[in-house]
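Q: Here you go, work25.tsv (TSV, C-alpha atoms and all ligand atoms):
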```tsv
chain	number	residue	atom	x	y	z
L	134	MET	CA	207.12	-103.51	25.65
L	135	ARG	CA	205.84	-103.68	29.22
L	136	ILE	CA	208.11	-101.94	31.74
L	137	LEU	CA	207.92	-102.71	35.44
L	138	SER	CA	209.94	-101.69	38.45
L	139	GLY	CA	209.64	-101.22	42.17
L	140	ILE	CA	211.28	-99.36	45.01
L	141	GLN	CA	211.34	-100.54	48.59
L	142	SER	CA	209.66	-98.28	51.09
L	143	SER	CA	212.44	-98.85	53.56
L	144	GLY	CA	213.53	-95.24	53.97
L	145	LYS	CA	213.29	-91.74	52.63
L	146	GLN	CA	213.93	-91.24	48.92
L	147	HIS	CA	217.30	-89.72	48.06
L	148	LEU	CA	219.29	-88.48	45.05
L	149	GLY	CA	220.54	-92.04	44.39
L	150	ASN	CA	216.98	-93.31	44.10
L	151	TYR	CA	216.08	-90.47	41.74
L	152	TYR	CA	219.02	-90.64	39.35
L	153	GLY	CA	219.47	-94.39	39.69
L	154	ALA	CA	215.83	-95.34	39.31
L	155	ILE	CA	212.92	-92.88	39.37
L	156	ARG	CA	214.24	-90.64	36.58
L	157	GLN	CA	214.29	-93.67	34.28
L	158	PHE	CA	210.80	-94.65	35.43
L	159	VAL	CA	209.52	-91.24	34.35
L	160	ARG	CA	211.15	-91.63	30.94
L	161	TYR	CA	209.74	-95.07	30.32
L	162	GLN	CA	206.18	-94.12	31.19
L	163	ASP	CA	206.21	-91.88	28.11
L	164	GLN	CA	207.36	-94.66	25.83
L	165	GLY	CA	204.80	-97.37	26.48
L	166	GLU	CA	203.07	-99.46	29.10
L	167	ALA	CA	204.62	-99.05	32.54
L	168	LEU	CA	203.96	-100.41	36.03
L	169	TYR	CA	205.66	-99.04	39.13
L	170	PHE	CA	205.08	-100.27	42.63
L	171	ILE	CA	206.07	-99.60	46.19
L	172	ALA	CA	207.78	-102.74	47.46
L	173	ASN	CA	206.36	-102.57	50.97
L	174	LEU	CA	206.55	-106.35	51.48
L	175	HIS	CA	210.28	-106.23	50.73
L	176	ALA	CA	210.60	-103.33	53.16
L	177	LEU	CA	209.48	-105.60	56.01
L	178	THR	CA	212.91	-107.25	55.82
L	179	THR	CA	214.40	-104.10	57.33
L	180	VAL	CA	211.54	-102.03	58.83
L	181	LYS	CA	210.23	-103.92	61.86
L	182	ASP	CA	207.71	-101.39	63.13
L	183	GLY	CA	204.15	-101.19	61.78
L	184	PRO	CA	203.48	-97.45	62.02
L	185	THR	CA	206.90	-96.64	60.50
L	186	ALA	CA	206.34	-99.11	57.66
L	187	ARG	CA	202.96	-97.54	56.91
L	188	THR	CA	204.37	-94.00	56.93
L	189	LEU	CA	207.27	-94.95	54.66
L	190	THR	CA	204.89	-96.62	52.20
L	191	GLN	CA	202.85	-93.44	52.03
L	192	GLN	CA	205.98	-91.28	51.65
L	193	THR	CA	207.29	-93.45	48.83
L	194	ALA	CA	203.98	-93.14	47.00
L	195	MET	CA	204.09	-89.36	47.39
L	196	ALA	CA	207.69	-89.29	46.17
L	197	PHE	CA	206.72	-91.26	43.05
L	198	LEU	CA	203.93	-88.84	42.25
L	199	ALA	CA	205.84	-85.68	43.15
L	200	LEU	CA	208.82	-86.70	41.00
L	201	GLY	CA	206.67	-87.16	37.92
L	202	LEU	CA	205.22	-90.66	37.84
L	203	ASP	CA	201.82	-90.05	36.36
L	204	PRO	CA	198.82	-92.31	37.06
L	205	ALA	CA	197.39	-91.30	33.68
L	206	LYS	CA	200.40	-92.90	32.00
L	207	ALA	CA	201.61	-95.60	34.38
L	208	CYS	CA	200.03	-98.05	36.74
L	209	ILE	CA	201.22	-97.10	40.23
L	210	PHE	CA	200.46	-99.50	43.05
L	211	ARG	CA	201.41	-101.00	46.38
L	212	GLN	CA	203.00	-104.46	46.25
L	213	SER	CA	200.93	-105.73	49.19
L	214	ASP	CA	197.64	-104.91	47.45
L	215	ILE	CA	198.17	-107.82	45.06
L	216	PRO	CA	198.01	-111.04	47.12
L	217	GLU	CA	198.75	-113.13	44.03
L	218	VAL	CA	202.38	-112.05	44.23
L	219	LEU	CA	202.80	-114.06	47.41
L	220	GLU	CA	201.24	-117.09	45.79
L	221	LEU	CA	203.66	-116.91	42.85
L	222	TYR	CA	206.53	-116.30	45.29
L	223	TRP	CA	205.83	-119.62	46.97
L	224	ILE	CA	205.35	-121.60	43.80
L	225	LEU	CA	208.44	-120.11	42.19
L	226	GLY	CA	210.39	-120.88	45.36
L	227	THR	CA	209.95	-124.56	44.63
L	228	VAL	CA	212.20	-124.27	41.55
L	229	VAL	CA	214.80	-121.92	43.12
L	230	PRO	CA	218.13	-123.57	43.99
L	231	GLN	CA	219.11	-122.68	47.55
L	232	SER	CA	222.68	-122.17	46.32
L	233	ASN	CA	221.52	-119.18	44.21
L	234	LEU	CA	220.17	-117.44	47.28
L	235	GLU	CA	223.31	-118.23	49.25
L	236	ARG	CA	225.43	-116.38	46.71
L	237	ALA	CA	223.11	-113.36	46.32
L	238	HIS	CA	225.19	-110.16	46.66
L	239	SER	CA	222.40	-108.22	48.35
L	240	PHE	CA	222.00	-110.92	50.99
L	241	LYS	CA	225.74	-111.19	51.62
L	242	ASP	CA	226.12	-107.39	51.76
L	243	LYS	CA	223.32	-106.97	54.25
L	244	VAL	CA	224.64	-109.75	56.47
L	245	ALA	CA	228.12	-108.19	56.28
L	246	LYS	CA	226.59	-104.88	57.44
L	247	GLY	CA	225.33	-106.63	60.57
L	248	ILE	CA	221.66	-107.20	59.68
L	249	ALA	CA	220.64	-110.48	61.37
L	250	PRO	CA	219.66	-112.71	58.45
L	251	ASP	CA	216.11	-114.01	58.65
L	252	PHE	CA	214.16	-116.12	56.19
L	253	GLY	CA	212.56	-113.03	54.60
L	254	LEU	CA	215.92	-111.50	53.76
L	255	PHE	CA	217.18	-114.80	52.38
L	256	ALA	CA	214.08	-115.26	50.23
L	257	TYR	CA	214.01	-111.61	49.10
L	258	PRO	CA	215.14	-112.30	45.50
L	259	VAL	CA	212.34	-114.86	45.04
L	260	LEU	CA	209.70	-112.28	45.92
L	261	MET	CA	211.38	-109.81	43.58
L	262	ALA	CA	211.28	-112.38	40.76
L	263	ALA	CA	207.59	-112.99	41.49
L	264	ASP	CA	206.99	-109.21	41.26
L	265	ILE	CA	208.41	-109.18	37.78
L	266	LEU	CA	207.03	-112.44	36.42
L	267	LEU	CA	203.49	-111.97	37.75
L	268	TYR	CA	202.91	-109.05	35.39
L	269	ALA	CA	204.78	-110.57	32.44
L	270	ALA	CA	207.17	-107.60	32.29
L	271	ASP	CA	209.51	-107.26	29.31
L	272	GLY	CA	211.93	-104.70	30.72
L	273	VAL	CA	212.94	-103.85	34.28
L	274	PRO	CA	214.81	-100.57	34.86
L	275	VAL	CA	217.09	-101.04	37.88
L	276	GLY	CA	220.38	-99.89	39.33
L	277	LYS	CA	223.54	-101.95	38.87
L	278	ASP	CA	223.13	-103.47	42.33
L	279	GLN	CA	219.95	-105.22	41.19
L	280	VAL	CA	221.34	-106.84	38.05
L	281	GLN	CA	222.03	-110.15	39.77
L	282	HIS	CA	218.40	-110.30	40.89
L	283	LEU	CA	217.35	-109.93	37.27
L	284	GLU	CA	219.69	-112.72	36.25
L	285	PHE	CA	218.11	-114.93	38.89
L	286	THR	CA	214.65	-113.96	37.67
L	287	ARG	CA	215.54	-114.99	34.13
L	288	ASP	CA	217.03	-118.29	35.31
L	289	TRP	CA	214.07	-119.18	37.51
L	290	ALA	CA	211.50	-118.28	34.87
L	291	THR	CA	213.38	-120.54	32.48
L	292	LYS	CA	213.54	-123.34	35.05
L	293	PHE	CA	209.84	-123.03	35.70
L	294	ASN	CA	208.98	-123.04	32.01
L	295	LEU	CA	211.20	-126.07	31.38
L	296	ALA	CA	209.54	-127.93	34.24
L	297	TYR	CA	205.93	-127.09	33.37
L	298	VAL	CA	205.64	-126.28	29.67
L	299	PRO	CA	205.95	-129.42	27.55
L	300	GLY	CA	208.18	-128.79	24.53
L	301	TYR	CA	209.49	-125.46	25.92
L	302	ASP	CA	212.81	-124.44	24.38
L	303	ALA	CA	214.85	-122.00	26.48
L	304	ALA	CA	216.48	-120.64	23.31
L	305	ASP	CA	213.00	-119.72	22.02
L	306	SER	CA	211.28	-118.37	25.12
L	307	THR	CA	208.46	-116.66	23.20
L	308	GLY	CA	207.70	-119.86	21.29
L	309	ALA	CA	208.16	-118.19	17.90
L	310	ARG	CA	209.57	-121.41	16.45
L	311	THR	CA	208.20	-124.14	18.74
L	312	GLY	CA	204.74	-122.65	19.29
L	313	ARG	CA	205.38	-123.34	23.01
L	314	PRO	CA	205.83	-119.99	24.77
L	315	GLY	CA	206.79	-120.01	28.44
L	316	LEU	CA	204.14	-119.46	31.09
L	317	LEU	CA	206.53	-116.97	32.65
L	318	LYS	CA	207.99	-114.30	30.40
L	319	VAL	CA	211.80	-113.95	30.59
L	320	PRO	CA	212.54	-110.25	31.31
L	321	GLU	CA	215.48	-107.97	30.50
L	322	ALA	CA	217.29	-105.66	32.94
L	323	LEU	CA	217.49	-102.05	31.75
L	324	VAL	CA	220.51	-100.41	33.39
L	325	GLU	CA	221.47	-96.82	32.78
L	326	GLN	CA	225.29	-96.89	32.60
L	327	GLU	CA	225.93	-93.19	33.01
L	328	THR	CA	224.36	-92.86	36.45
L	329	ALA	CA	224.80	-96.45	37.48
L	330	VAL	CA	226.15	-95.50	40.92
L	331	VAL	CA	225.38	-92.18	42.61
L	332	LEU	CA	227.95	-91.33	45.29
L	333	GLY	CA	226.96	-90.23	48.77
L	334	THR	CA	228.33	-87.42	50.93
L	335	ASP	CA	231.19	-89.68	52.10
L	336	GLY	CA	232.21	-90.88	48.63
L	337	GLU	CA	230.69	-94.36	49.07
L	338	LYS	CA	227.56	-95.46	47.17
L	339	MET	CA	224.69	-93.26	48.32
L	340	SER	CA	222.46	-95.49	50.43
L	341	LYS	CA	220.08	-95.01	53.32
L	342	SER	CA	221.96	-97.71	55.18
L	343	TYR	CA	225.24	-95.72	55.07
L	344	ASN	CA	223.80	-92.47	56.44
L	345	ASN	CA	225.38	-90.62	53.50
L	346	THR	CA	222.25	-89.61	51.59
L	347	ILE	CA	220.90	-86.31	50.37
L	348	ASP	CA	217.17	-86.80	50.84
L	349	LEU	CA	214.89	-85.32	48.21
L	350	PHE	CA	212.13	-84.23	50.58
L	351	ALA	CA	214.05	-83.29	53.72
L	352	ASP	CA	213.51	-79.73	54.98
L	353	ASP	CA	215.74	-76.95	53.63
L	354	ALA	CA	217.99	-76.84	56.69
L	355	GLU	CA	218.68	-80.57	56.54
L	356	VAL	CA	219.42	-80.48	52.80
L	357	LYS	CA	221.88	-77.66	53.43
L	358	ARG	CA	223.50	-79.52	56.31
L	359	ARG	CA	223.97	-82.62	54.14
L	360	ILE	CA	225.38	-80.76	51.15
L	361	MET	CA	227.73	-78.60	53.24
L	362	GLY	CA	228.86	-81.83	54.93
L	363	ILE	CA	230.02	-83.56	51.74
L	364	ARG	CA	233.49	-84.97	52.35
L	365	THR	CA	236.28	-82.95	50.74
L	366	ASP	CA	240.06	-83.04	51.09
L	367	SER	CA	242.51	-80.29	52.01
L	368	THR	CA	243.29	-79.06	48.48
L	369	PRO	CA	243.89	-75.27	48.84
L	370	VAL	CA	241.45	-72.78	47.28
L	371	GLU	CA	243.85	-71.74	44.53
L	372	ALA	CA	244.73	-75.30	43.41
L	373	PRO	CA	242.86	-77.45	40.83
L	374	LYS	CA	240.52	-79.91	42.57
L	375	PRO	CA	240.65	-83.70	42.25
L	376	LEU	CA	238.18	-85.23	39.79
L	377	ASP	CA	237.42	-88.24	41.99
L	378	SER	CA	235.65	-86.11	44.60
L	379	PRO	CA	232.03	-87.01	45.46
L	380	LEU	CA	231.24	-83.28	45.32
L	381	TYR	CA	232.37	-83.17	41.68
L	382	ALA	CA	230.30	-86.26	40.83
L	383	LEU	CA	227.19	-84.76	42.45
L	384	LEU	CA	227.66	-81.41	40.70
L	385	LYS	CA	227.87	-83.23	37.38
L	386	LEU	CA	224.69	-85.11	38.12
L	387	VAL	CA	222.55	-82.32	39.54
L	388	LEU	CA	223.53	-79.20	37.56
L	389	PRO	CA	222.17	-78.59	34.06
L	390	PRO	CA	224.97	-79.25	31.51
L	391	ALA	CA	225.63	-75.55	30.74
L	392	ASP	CA	225.96	-74.67	34.45
L	393	PHE	CA	228.14	-77.70	35.04
L	394	ALA	CA	230.47	-76.64	32.20
L	395	ASP	CA	231.26	-73.40	34.10
L	396	VAL	CA	231.75	-75.21	37.37
L	397	ASP	CA	233.90	-77.83	35.68
L	398	ARG	CA	236.24	-75.16	34.30
L	399	ALA	CA	236.67	-73.56	37.71
L	400	TRP	CA	237.14	-76.97	39.33
L	401	ARG	CA	239.99	-77.84	36.98
L	402	ALA	CA	241.57	-74.38	36.99
L	403	GLY	CA	241.64	-73.73	40.74
L	404	GLY	CA	240.81	-70.44	42.44
L	405	ARG	CA	237.44	-71.47	43.91
L	406	GLY	CA	237.06	-73.17	47.27
L	407	TYR	CA	234.98	-76.23	48.13
L	408	GLY	CA	232.50	-74.09	50.09
L	409	ASP	CA	231.67	-72.23	46.90
L	410	PHE	CA	231.14	-75.44	44.96
L	411	LYS	CA	228.87	-76.74	47.70
L	412	LYS	CA	226.77	-73.60	47.43
L	413	ALA	CA	226.51	-74.19	43.67
L	414	LEU	CA	225.31	-77.73	44.36
L	415	LEU	CA	222.76	-76.52	46.91
L	416	ALA	CA	221.40	-73.98	44.41
L	417	GLY	CA	221.29	-76.69	41.72
L	418	PHE	CA	219.44	-79.04	44.04
L	419	HIS	CA	216.78	-76.45	44.75
L	420	ALA	CA	216.48	-75.45	41.10
L	421	GLY	CA	216.06	-79.09	40.13
L	422	PHE	CA	213.80	-80.33	42.92
L	423	ASP	CA	211.82	-77.46	44.39
L	424	GLY	CA	208.92	-78.17	42.01
L	425	ALA	CA	208.77	-81.77	43.18
L	426	ARG	CA	209.21	-80.70	46.80
L	427	ALA	CA	206.20	-78.37	46.54
L	428	ARG	CA	204.08	-81.14	44.96
L	429	TYR	CA	205.12	-83.47	47.76
L	430	ARG	CA	203.89	-80.99	50.38
L	431	GLN	CA	200.57	-80.70	48.52
L	432	LEU	CA	200.14	-84.47	48.44
L	433	GLU	CA	200.92	-84.67	52.14
L	434	ALA	CA	197.82	-82.59	52.72
L	435	ARG	CA	195.70	-84.88	50.51
L	436	PRO	CA	196.24	-88.48	51.65
L	437	ALA	CA	192.86	-89.60	50.23
L	438	GLU	CA	193.97	-88.64	46.74
L	439	VAL	CA	197.12	-90.75	47.06
L	440	GLU	CA	195.03	-93.67	48.36
L	441	HIS	CA	192.68	-93.38	45.41
L	442	ILE	CA	195.56	-93.48	42.90
L	443	LEU	CA	197.02	-96.57	44.59
L	444	ALA	CA	193.67	-98.37	44.68
L	445	ASP	CA	193.12	-97.69	41.00
L	446	GLY	CA	196.65	-98.86	40.18
L	447	ALA	CA	196.14	-102.06	42.17
L	448	ALA	CA	192.95	-102.90	40.29
L	449	ARG	CA	194.73	-102.51	36.96
L	450	ALA	CA	197.78	-104.49	38.08
L	451	ARG	CA	195.59	-107.26	39.41
L	452	ALA	CA	193.85	-107.61	36.07
L	453	LEU	CA	197.24	-108.10	34.37
L	454	ALA	CA	198.26	-110.66	36.97
L	455	ALA	CA	195.11	-112.73	36.71
L	456	PRO	CA	195.88	-114.71	33.53
L	457	VAL	CA	199.48	-115.36	34.60
L	458	ILE	CA	198.61	-116.73	38.02
L	459	ALA	CA	195.76	-118.77	36.55
L	460	GLY	CA	198.17	-120.39	34.06
L	461	VAL	CA	200.70	-121.09	36.79
L	462	ARG	CA	198.14	-122.60	39.17
L	463	LYS	CA	196.84	-124.88	36.49
L	464	ALA	CA	200.29	-125.95	35.35
L	465	VAL	CA	201.48	-126.92	38.84
L	466	GLY	CA	198.29	-128.77	39.63
L	467	LEU	CA	196.50	-126.48	42.09
Q	1	LIG	P1	219.22	-97.82	49.35
Q	1	LIG	O1	220.57	-98.28	48.87
Q	1	LIG	O2	219.25	-96.42	49.83
Q	1	LIG	O3	218.65	-98.78	50.37
Q	1	LIG	P2	217.37	-99.00	47.54
Q	1	LIG	O4	218.17	-100.26	47.61
Q	1	LIG	O5	216.02	-99.00	48.17
Q	1	LIG	O6	218.25	-97.82	48.11
Q	1	LIG	O7	217.26	-98.58	46.03
Q	1	LIG	C1	216.09	-98.26	45.32
Q	1	LIG	C2	216.43	-98.03	43.87
Q	1	LIG	O8	217.31	-96.92	43.72
Q	1	LIG	C3	217.13	-99.22	43.19
Q	1	LIG	O9	216.72	-99.34	41.85
Q	1	LIG	C4	218.58	-98.85	43.27
Q	1	LIG	O10	219.34	-99.46	42.27
Q	1	LIG	C5	218.52	-97.34	43.12
Q	1	LIG	N1	219.62	-96.73	43.86
Q	1	LIG	C6	219.72	-96.61	45.21
Q	1	LIG	N2	220.85	-96.01	45.56
Q	1	LIG	C7	221.50	-95.74	44.41
Q	1	LIG	C8	222.75	-95.13	44.10
Q	1	LIG	N3	223.54	-94.66	45.06
Q	1	LIG	N4	223.11	-95.02	42.82
Q	1	LIG	C9	222.29	-95.48	41.85
Q	1	LIG	N5	221.12	-96.07	42.06
Q	1	LIG	C10	220.72	-96.21	43.32
Q	2	LIG	N1	214.91	-104.98	45.19
Q	2	LIG	C1	214.62	-103.71	44.60
Q	2	LIG	C2	215.48	-102.64	45.26
Q	2	LIG	O1	215.90	-102.77	46.39
Q	2	LIG	C3	213.16	-103.34	44.75
Q	2	LIG	C4	212.28	-104.27	44.02
Q	2	LIG	C5	211.45	-105.19	44.57
Q	2	LIG	C6	212.16	-104.39	42.61
Q	2	LIG	N2	210.79	-105.87	43.60
Q	2	LIG	C7	211.22	-105.42	42.38
Q	2	LIG	C8	212.76	-103.74	41.53
Q	2	LIG	C9	210.86	-105.80	41.09
Q	2	LIG	C10	212.40	-104.13	40.25
Q	2	LIG	C11	211.46	-105.15	40.03
Q	2	LIG	O2	215.72	-101.65	44.66
```
Represent the structure of the file as structure tokens.
A:
Amino acid sequence: MRILSGIQSSGKQHLGNYYGAIRQFVRYQDQGEALYFIANLHALTTVKDGPTARTLTQQTAMAFLALGLDPAKACIFRQSDIPEVLELYWILGTVVPQSNLERAHSFKDKVAKGIAPDFGLFAYPVLMAADILLYAADGVPVGKDQVQHLEFTRDWATKFNLAYVPGYDAADSTGARTGRPGLLKVPEALVEQETAVVLGTDGEKMSKSYNNTIDLFADDAEVKRRIMGIRTDSTPVEAPKPLDSPLYALLKLVLPPADFADVDRAWRAGGRGYGDFKKALLAGFHAGFDGARARYRQLEARPAEVEHILADGAARARALAAPVIAGVRKAVGL
């Protein structure tokens, strides 16, 4: 089982990225082969400033390492270090129906938020599919919002295989029966249901584009400001608190189960104010992430070490990509 996933370096990493993605990445690296990359080409769809893009790429790499991705267990690399991905992106694009891209949720959402749609944003899911197919990944851990992209990836891999592998049977993609495996492996999405959507300080999905995040590596004052600013209602101190509050959801996520059980009792019974619960969340955040935060500061002081890890990861990823891209080139007549 080869696991692969990526995170865009389009902003600072937050609790949603950790619980929705990186925590699963850490788990999977202990179970088998894993590849994790910084999607810095995808980030260009939103970050239109070179120095900022470079800084965010570096910060995402440091976040990966600080949060427990281990280069001794997983291959950690930068998307842009593997030029073959752009070659596959183009070739794959020639079997992608335009109508699929027109109904992509991520595209429609971003346009609805006021981002001026350019070709890169429109073509985003094709590059994501190329990311996955280039390394013949079996499983892709992603948040719920990415599931449609995985469905597209499966459809396009199948289309490509049907077009270029004589005798390919979509119902037998590994060729167990026909002896005709696809050139592109059809991957599975791995979605964690329990933490499928992490709520932000305003109760909407936590996302850097909604300015409602709690950033993992912000300074202490900023973390405090964000947590104390979580939206709450006017339920009086003595009354039981509503269970649909984003504060409650975050406490459940961040506190260890035994600590949460105490908080949960008080939440349901009444008698404790929101300010108190926010302080419990702040303490839980520090207990959970101060180790990673200290590692992040250490890595900041050692950029050459981070570079070395990424270069090594890229060399390994490129070796896995080589046979796939060679097969594709040959099949399409290049
Ligand atoms: P953002 O929404 O802040 O732009 P990204 O789209 O870059 O975050 O997400 C990177 C990864 O983190 C994806 O796998 C995504 O599913 C996951 N993720 C981001 N925000 C959340 C959230 N609020 N809840 C669960 N997972 C999330
Ligand atoms: N689109 C993903 C996100 O925003 C990032 C990503 C790019 C990705 N390429 C990928 C995730 C390949 C998994 C596999 O979160």
Q: Using all atoms listed in the file, I'd like a table of the residues in chain L that come within 7 Å of ligand LIG 2 (chain Q); for each, show the closest atom pair and its distance in Å rounded to one decimal, ordered by chain and ascending number, as a Markdown table.
A:
```
| residue | atom | partner | partner_atom | distance |
| --- | --- | --- | --- | --- |
| L:Leu137 | CA | Q:LIG2 | C11 | 6.3 |
| L:Ser138 | CA | Q:LIG2 | C10 | 3.9 |
| L:Gly139 | CA | Q:LIG2 | C8 | 4.1 |
| L:Ile140 | CA | Q:LIG2 | C3 | 4.4 |
| L:Gln141 | CA | Q:LIG2 | C3 | 5.1 |
| L:Ala172 | CA | Q:LIG2 | C5 | 5.3 |
| L:His175 | CA | Q:LIG2 | C5 | 6.4 |
| L:Leu260 | CA | Q:LIG2 | N2 | 6.9 |
| L:Met261 | CA | Q:LIG2 | N2 | 4.0 |
| L:Ala262 | CA | Q:LIG2 | C9 | 6.6 |
| L:Asp264 | CA | Q:LIG2 | C9 | 5.2 |
| L:Ile265 | CA | Q:LIG2 | C9 | 5.3 |
| L:Val273 | CA | Q:LIG2 | C10 | 6.0 |
| L:Pro274 | CA | Q:LIG2 | C10 | 6.9 |
| L:Val275 | CA | Q:LIG2 | C10 | 6.1 |
| L:Gln279 | CA | Q:LIG2 | N1 | 6.4 |
```
Q: Counting all atoms listed in the file, what is within 12 Å of Ser143 in chain L, bar same-chain residues fewer than 5 positions away, as a ChimeraX atom specification?
A: /L:150,171-183,185-193,340-342
Q: Write out as a CSV table (one decimal) with C-alpha atoms, in the frame of the given file which residues come within 12 Å of Lys338 in chain L when counting all atoms listed in the file, dropping same-chain ones fewer than 6 positions away.
A:
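Final output, saved to part.csv:
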```
chain,number,residue,atom,x,y,z
L,147,HIS,CA,217.3,-89.7,48.1
L,148,LEU,CA,219.3,-88.5,45.0
L,149,GLY,CA,220.5,-92.0,44.4
L,150,ASN,CA,217.0,-93.3,44.1
L,153,GLY,CA,219.5,-94.4,39.7
L,276,GLY,CA,220.4,-99.9,39.3
L,277,LYS,CA,223.5,-102.0,38.9
L,278,ASP,CA,223.1,-103.5,42.3
L,328,THR,CA,224.4,-92.9,36.4
L,329,ALA,CA,224.8,-96.4,37.5
L,330,VAL,CA,226.2,-95.5,40.9
L,331,VAL,CA,225.4,-92.2,42.6
L,332,LEU,CA,228.0,-91.3,45.3
L,344,ASN,CA,223.8,-92.5,56.4
L,345,ASN,CA,225.4,-90.6,53.5
L,346,THR,CA,222.2,-89.6,51.6
L,347,ILE,CA,220.9,-86.3,50.4
L,379,PRO,CA,232.0,-87.0,45.5
L,382,ALA,CA,230.3,-86.3,40.8
L,383,LEU,CA,227.2,-84.8,42.4
```
Q: Expressed in Å to a single decimal, how great is the separation between CA of Ala309 in chain L and CA of Ala167 in chain L?
A: 24.4 Å
Q: To one decimal in Å, tell me the separation between CA of Ala194 in chain L and CA of Lys241 in chain L.
A: 28.6 Å
Q: Of the candidates L:Leu386, L:Leu467, L:Ala351, L:Val298, which shows the shortest atom-to-atom distance to ligand LIG 1 (chain Q), using all atoms listed in the file?
A: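 Ranking L:Leu386, L:Leu467, L:Ala351, L:Val298 by distance to ligand LIG 1 (chain Q), first place goes to L:Leu386.
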Q: What's around Leu202 in chain L at 9 Å? Count all atoms listed in the file, leave out sequence neighbours fewer than 5 positions away in its own chain, and write the answer as a ChimeraX atom specification.
A: /L:155,158-159,162,169,196-197,207,209
Q: Please, which residues are within 10 Å of (208.7, -126.2, 27.4) by the file's coordinates, counting all atoms listed in the file, and could they come as a list in words?
A: Thr291, Lys292, Phe293, Asn294, Leu295, Ala296, Tyr297, Val298, Pro299, Gly300, Tyr301, Asp302, Ala303, Asp305, Ser306, Gly308, Thr311, Gly312, Arg313, Pro314, Gly315 and Leu316 of chain L
Q: Take the residues that were just selected and, keeping C-alpha atoms, output them as a tab-separated table (two decimals), keeping the file's coordinate frame.
A:
```
chain	number	residue	atom	x	y	z
L	291	THR	CA	213.38	-120.54	32.48
L	292	LYS	CA	213.54	-123.34	35.05
L	293	PHE	CA	209.84	-123.03	35.70
L	294	ASN	CA	208.98	-123.04	32.01
L	295	LEU	CA	211.20	-126.07	31.38
L	296	ALA	CA	209.54	-127.93	34.24
L	297	TYR	CA	205.93	-127.09	33.37
L	298	VAL	CA	205.64	-126.28	29.67
L	299	PRO	CA	205.95	-129.42	27.55
L	300	GLY	CA	208.18	-128.79	24.53
L	301	TYR	CA	209.49	-125.46	25.92
L	302	ASP	CA	212.81	-124.44	24.38
L	303	ALA	CA	214.85	-122.00	26.48
L	305	ASP	CA	213.00	-119.72	22.02
L	306	SER	CA	211.28	-118.37	25.12
L	308	GLY	CA	207.70	-119.86	21.29
L	311	THR	CA	208.20	-124.14	18.74
L	312	GLY	CA	204.74	-122.65	19.29
L	313	ARG	CA	205.38	-123.34	23.01
L	314	PRO	CA	205.83	-119.99	24.77
L	315	GLY	CA	206.79	-120.01	28.44
L	316	LEU	CA	204.14	-119.46	31.09
```
Q: Nearest to Lys246 in chain L among L:Asp203, L:Asp409, L:Tyr343, L:Ile136, with distances taken over all atoms listed in the file: which residue is it?
A: L:Tyr343
Q: Which neighbours of range 443-447 of chain L fall inside 9 Å, counting all atoms listed in the file, when residues of the same chain fewer than 3 positions from it are skipped, and could you give them as a list in words?
A: Leu168, Phe170, Ala194, Pro204, Ala207, Cys208, Ile209, Phe210, Arg211, Gln212, Asp214, Ile215, Glu438, Val439, Glu440, Ala450, Arg451 and Ala452 of chain L
Q: Taking all atoms listed in the file into account, name the residue in L:Asp288, L:Glu337, L:Asp366, L:Asp395 that is nearest to ligand LIG 1 (chain Q).
A: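 Smallest separation from ligand LIG 1 (chain Q) among the options: L:Glu337.
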Q: Point out the residue among L:Phe350, L:Phe393, L:Phe418, L:Tyr151 with the least atom-to-atom distance to ligand LIG 1 (chain Q), counting only C-alpha atoms and all ligand atoms.
A: L:Tyr151
Q: Please measure the separation of CA of Ala270 in chain L and atom C10 of ligand LIG 1 (chain Q), giving the value in Å to one decimal.
A: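 Those two atoms sit 20.9 Å apart.
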Q: Would you be able to write out as number ranges by chain which residues have an atom within 12 Å of (220.1, -114.0, 55.2) in the file's coordinates, counting only C-alpha atoms?
A: L: 178-179, 231, 234-258
Q: What box, with edges along x, y and z, holds each listed atom of ligand LIG 1 (chain Q) when 5 Å is added on every side, and can you state its centre and edge lengths in Å to one decimal, as JSON?
A:
```
{"center_x": 219.8, "center_y": -97.5, "center_z": 46.1, "size_x": 17.5, "size_y": 15.6, "size_z": 18.5}
```
Q: Report as a list in words all protein, DNA and RNA residues lying within 7 Å of Arg428 in chain L, evaluated on all atoms listed in the file, omitting residues in the same chain fewer than 4 positions from it.
A: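 In the requested form, the answer reads Ala199, Gly424 and Leu432 of chain L.
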Q: Considering all atoms listed in the file, can you say which of L:Ala402, L:Ala464, L:Ala154, L:Ile360 comes closest to ligand LIG 1 (chain Q)?
A: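 Going through L:Ala402, L:Ala464, L:Ala154, L:Ile360 one by one, the smallest distance to ligand LIG 1 (chain Q) is for L:Ala154.
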